[in-house]
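Student: Provided herewith is a single structure, encoded as structure tokens, for subsequent inquiry.
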Amino acid sequence: FVRVFHATSNWNPRRPPRGSHVVCADACRAQLAGDRVLALRSGMEDAYEESKGFRFDHVRRNAFLAERGIQPPKTLKTGTTIAGVIFKDGVILGADTRSTAGYTVADKNCEKIHYIAPNIYCCGAGTAADTEAVTAMVCSELKLHRYATKRESQIASALTLLKSHLFQYQGYVSAALVLGGVDLHGPHLFTVYPHGSTDSLPFATMGSGSLNAMAVFESGYKDDMTKEEAMELVANAIKAGIFNDLGSGSNVDLCIITKDGAEYLRNYDKPNPRTYVRRQAYIFPPGTTPVLRSKVTPLRDMVTVTEGAESMEVDA
Amino acid sequence: MYPAPAGHSPAIGPGNAGPPALLPYGGHPGPMRTTHVPKNGTEPFVVDPADATEGRNGTSDPTKHTQYVLQARKPVVKYLVRMSDMTAKRESVPCRYPYVTGTSVLAVKYKEGVMMAADTLGSYGSTKRYKSVCRIKEVGTNVMLGASGELSDFQHIQKLLDELTTEDFMMDDGAVLSPQEIFSYLQRVMYNRRNDFDPLWNSLVIAGVDRKGVPFLGAVGMIGQAYTDSHIATGFGNALARPLFRSHQKDDMSEAEAEELLKKALKVCYYRDKNSINKFQLAKVTQAGVDVSEPFKLETNWDYGAFVNPSKHVPGTW
């Protein structure tokens, strides 16, 4: 579904900096984006060459190739279960650790909980590159902001930076995030969708395993849980995703954030251990395989080695 | 009804459970038929008073019963298509499109038998059109059938099963169809319809207790896939109820535990499935027989602290 963001008087989408363009593939979006927009038409190649942002000149070619059966390479996705819950003293974020490229598991033990600030962490689902890049960008922006203001970051700042970036890219940055942290106002938990809309919730899940995890949350959540109860709830929710969704698997990562700091529990639970243990090691004593003949040719006799400085030929 | 636009980022989870998501393997529905004509060639509507008074074979002499053979018979008044639906030749058309649909059906085995639950909604796309539809049907004495998907196809299946059970009853020898037999029969029906590219758009759940007292629970899908298990969930229940069943269901659980588990799963489905209402029926089958309950509602909880003024510290969020 597409969630349309309605601008309020308190919030302005961050305008793209002067000199850059938002390139849109169709005229309708061109009207929405305002501010120096180029609609993709054949007569505008010169201006188009200078534009930054997404380029759509291969769309027709890719569609043509796809018709002939040549598929583009699959993006590395996180096909994921990520979850977050607010408990009495703070927020707990959880994630599985499987990242997929098409039908293959690309990374069995990847890290989906990204650091944004000492008191703010963010789980990411969707295209792995997009989640990594957008969270790293917000992390560095917030660090500069902390230097400038000499204050602890607020989750609202991270949220606004993320949502305005994602809205600017109109959903093409495929990052679905669960953002959580504790600041002076208390614990916060938000979800951020690829098109830039956000929700503030007591418990949240995202990714392909989100419904599986949400079933556990809806039946087990209560207000003001203790830390142990909340950890068990989040771990069970992620395990529901791991065991019931094909896009999620391997281990459970947790991150507990309170006003005293963050505790990142990497591989808190490993419910998929490797159970096969090789009986014998691959070490065989010399002579196991009988040697029939042996012939040694030292390479020194076959090549000439010249020592000394002679520069490489770089001009072809 | 027009197809809703499919397509959103899969990173935000499964969604858009409307008609495009009801299509198997991401297919698309194909052209809609504009004329309402039975596909096997009968006239759209037949009422002949002369037919109503005659016997089945055109005579009223019961000694002249002919065999149940594959030959053209006069359409009977009540039905718009011939009763030998499966044997008549149908032209092959692309997959049809479901109109009035039911959402998930949940079922678990417990010690004495099987318990099934479903809501009572017939949705017309996104409209909550019919709010008192009973989607769990008793078949024979010891079997119950629940269905999600197109409700008119479910009524057709009920008709087919009624024919079978009526024949058995008329034989008057005490033989009844076991749940296993009904399961196999429905699997064959669904698979054969699928092979004609004209599926009955349902996910069926067959639950019963056989003569020896062993509970049976199986599911048959619209493309003929069939399996048996200790717990079944269709539709949204696949993603929402199955994790709960896998952790909490045991074959020897008590009736109270089974009821509590089903109610928990029903509540989650009501919270998170768009096409559902807070009006459910619980049905149980034991060796004593089938018992479908009256509709009831569940208590829902909307007063979490974080729901109050969620954008207090963050203007511009929901």
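Identifiers in the structure tokens: chain A, B, ... in order shown; residue index from 1 per chain; ligand index from 1 in order shown.
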When DSSP is applied to the backbone of this structure, which of region 126-193 of chain B are assigned strand (DSSP E or B)? Write them out as a PDB file with N, CA, C and O atoms, in the first residue's frame.

Tutor:
ATOM      1  N   THR B 127     -15.733  -4.235   1.439  1.00  0.00           N
ATOM      2  CA  THR B 127     -16.978  -3.927   2.136  1.00  0.00           C
ATOM      3  C   THR B 127     -17.375  -5.100   3.019  1.00  0.00           C
ATOM      4  O   THR B 127     -17.342  -6.248   2.593  1.00  0.00           O
ATOM      5  N   LYS B 128     -17.795  -4.816   4.245  1.00  0.00           N
ATOM      6  CA  LYS B 128     -18.258  -5.886   5.127  1.00  0.00           C
ATOM      7  C   LYS B 128     -19.733  -6.104   4.829  1.00  0.00           C
ATOM      8  O   LYS B 128     -20.606  -5.530   5.476  1.00  0.00           O
ATOM      9  N   ARG B 129     -19.982  -6.944   3.840  1.00  0.00           N
ATOM     10  CA  ARG B 129     -21.320  -7.004   3.273  1.00  0.00           C
ATOM     11  C   ARG B 129     -22.278  -7.856   4.090  1.00  0.00           C
ATOM     12  O   ARG B 129     -23.355  -7.426   4.436  1.00  0.00           O
ATOM     13  N   TYR B 130     -21.888  -9.102   4.370  1.00  0.00           N
ATOM     14  CA  TYR B 130     -22.805 -10.021   5.055  1.00  0.00           C
ATOM     15  C   TYR B 130     -22.190 -10.401   6.381  1.00  0.00           C
ATOM     16  O   TYR B 130     -21.132 -11.023   6.437  1.00  0.00           O
ATOM     17  N   ILE B 136     -18.951 -22.562   8.919  1.00  0.00           N
ATOM     18  CA  ILE B 136     -18.616 -23.915   9.375  1.00  0.00           C
ATOM     19  C   ILE B 136     -19.873 -24.754   9.219  1.00  0.00           C
ATOM     20  O   ILE B 136     -20.939 -24.384   9.712  1.00  0.00           O
ATOM     21  N   LYS B 137     -19.746 -25.853   8.517  1.00  0.00           N
ATOM     22  CA  LYS B 137     -20.922 -26.671   8.214  1.00  0.00           C
ATOM     23  C   LYS B 137     -20.738 -28.081   8.741  1.00  0.00           C
ATOM     24  O   LYS B 137     -19.656 -28.645   8.634  1.00  0.00           O
ATOM     25  N   GLU B 138     -21.815 -28.607   9.231  1.00  0.00           N
ATOM     26  CA  GLU B 138     -21.791 -29.985   9.702  1.00  0.00           C
ATOM     27  C   GLU B 138     -22.070 -30.912   8.519  1.00  0.00           C
ATOM     28  O   GLU B 138     -22.973 -30.652   7.731  1.00  0.00           O
ATOM     29  N   VAL B 139     -21.281 -31.961   8.381  1.00  0.00           N
ATOM     30  CA  VAL B 139     -21.454 -32.894   7.264  1.00  0.00           C
ATOM     31  C   VAL B 139     -21.641 -34.279   7.865  1.00  0.00           C
ATOM     32  O   VAL B 139     -20.742 -34.789   8.526  1.00  0.00           O
ATOM     33  N   VAL B 143     -18.481 -35.073  11.153  1.00  0.00           N
ATOM     34  CA  VAL B 143     -17.509 -34.298  10.375  1.00  0.00           C
ATOM     35  C   VAL B 143     -18.001 -32.872  10.264  1.00  0.00           C
ATOM     36  O   VAL B 143     -19.209 -32.634  10.164  1.00  0.00           O
ATOM     37  N   MET B 144     -17.063 -31.932  10.308  1.00  0.00           N
ATOM     38  CA  MET B 144     -17.451 -30.554  10.022  1.00  0.00           C
ATOM     39  C   MET B 144     -16.485 -29.965   9.002  1.00  0.00           C
ATOM     40  O   MET B 144     -15.318 -30.348   8.940  1.00  0.00           O
ATOM     41  N   LEU B 145     -17.011 -29.034   8.225  1.00  0.00           N
ATOM     42  CA  LEU B 145     -16.248 -28.441   7.135  1.00  0.00           C
ATOM     43  C   LEU B 145     -16.271 -26.936   7.288  1.00  0.00           C
ATOM     44  O   LEU B 145     -17.331 -26.347   7.391  1.00  0.00           O
ATOM     45  N   GLY B 146     -15.075 -26.326   7.322  1.00  0.00           N
ATOM     46  CA  GLY B 146     -14.994 -24.874   7.365  1.00  0.00           C
ATOM     47  C   GLY B 146     -14.384 -24.398   6.062  1.00  0.00           C
ATOM     48  O   GLY B 146     -13.549 -25.077   5.472  1.00  0.00           O
ATOM     49  N   ALA B 147     -14.779 -23.216   5.605  1.00  0.00           N
ATOM     50  CA  ALA B 147     -14.258 -22.740   4.331  1.00  0.00           C
ATOM     51  C   ALA B 147     -13.956 -21.260   4.407  1.00  0.00           C
ATOM     52  O   ALA B 147     -14.697 -20.483   5.007  1.00  0.00           O
ATOM     53  N   SER B 148     -12.841 -20.888   3.758  1.00  0.00           N
ATOM     54  CA  SER B 148     -12.564 -19.478   3.522  1.00  0.00           C
ATOM     55  C   SER B 148     -12.488 -19.304   2.014  1.00  0.00           C
ATOM     56  O   SER B 148     -12.317 -20.263   1.278  1.00  0.00           O
ATOM     57  N   GLY B 149     -12.643 -18.080   1.552  1.00  0.00           N
ATOM     58  CA  GLY B 149     -12.619 -17.832   0.116  1.00  0.00           C
ATOM     59  C   GLY B 149     -14.032 -17.554  -0.380  1.00  0.00           C
ATOM     60  O   GLY B 149     -14.907 -17.127   0.360  1.00  0.00           O
ATOM     61  N   GLU B 150     -14.250 -17.821  -1.637  1.00  0.00           N
ATOM     62  CA  GLU B 150     -15.513 -17.481  -2.301  1.00  0.00           C
ATOM     63  C   GLU B 150     -16.667 -18.259  -1.689  1.00  0.00           C
ATOM     64  O   GLU B 150     -16.669 -19.493  -1.684  1.00  0.00           O
TER      65      GLU B 150
END

Student: Please, which residues of chain A lie no more than 9 Å from chain B when the count uses only C-alpha atoms, and can they be set out as an NGL selection string?

Tutor: :A and (1-2 or 5-11 or 77-81 or 86 or 125-127 or 155-157 or 159-160 or 171 or 174-177 or 185 or 190 or 193-194 or 197-202 or 205-216 or 218-219 or 222-223 or 240-241 or 243-245)

Student: Fewer than 6 positions away in the same chain doesn't count, so skip those; otherwise give me all residues within 8 Å of Tyr268 (chain A), counting only C-alpha atoms, as a PyMOL selection string.

Tutor: chain A and resi 251-254

Student: Using only C-alpha atoms, which residue out of B:Leu262, B:Gly174, B:Lys297, B:Ile277 lies closest to His248 (chain B)?

Tutor: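 Distance minimum relative to His248 (chain B) lands on B:Leu262.
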
Student: Please measure the separation of CA of Tyr227 (chain B) and CA of Lys263 (chain B), giving the value in Å to one decimal.

Tutor: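 CA of Lys263 (chain B) lies at a distance of 23.9 Å from CA of Tyr227 (chain B).
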
Student: I'd like to know which of B:Ala256, B:Leu298, B:Val189, B:Ala207 is closest to Ile223 (chain B), using only C-alpha atoms.

Tutor: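 Going through B:Ala256, B:Leu298, B:Val189, B:Ala207 one by one, the smallest distance to Ile223 (chain B) is for B:Val189.
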
Student: Name the residues of region 56-230 of chain A that come out as helix (DSSP H, G or I) in a backbone DSSP run; write them as a ChimeraX atom specification.

Tutor: /A:59-67,128-149,155-168,210-220,227-230

Student: When you draw a straight line from CA of Gly84 (chain A) to CA of Asn236 (chain A), how long is it in Å?

Tutor: 11.9 Å
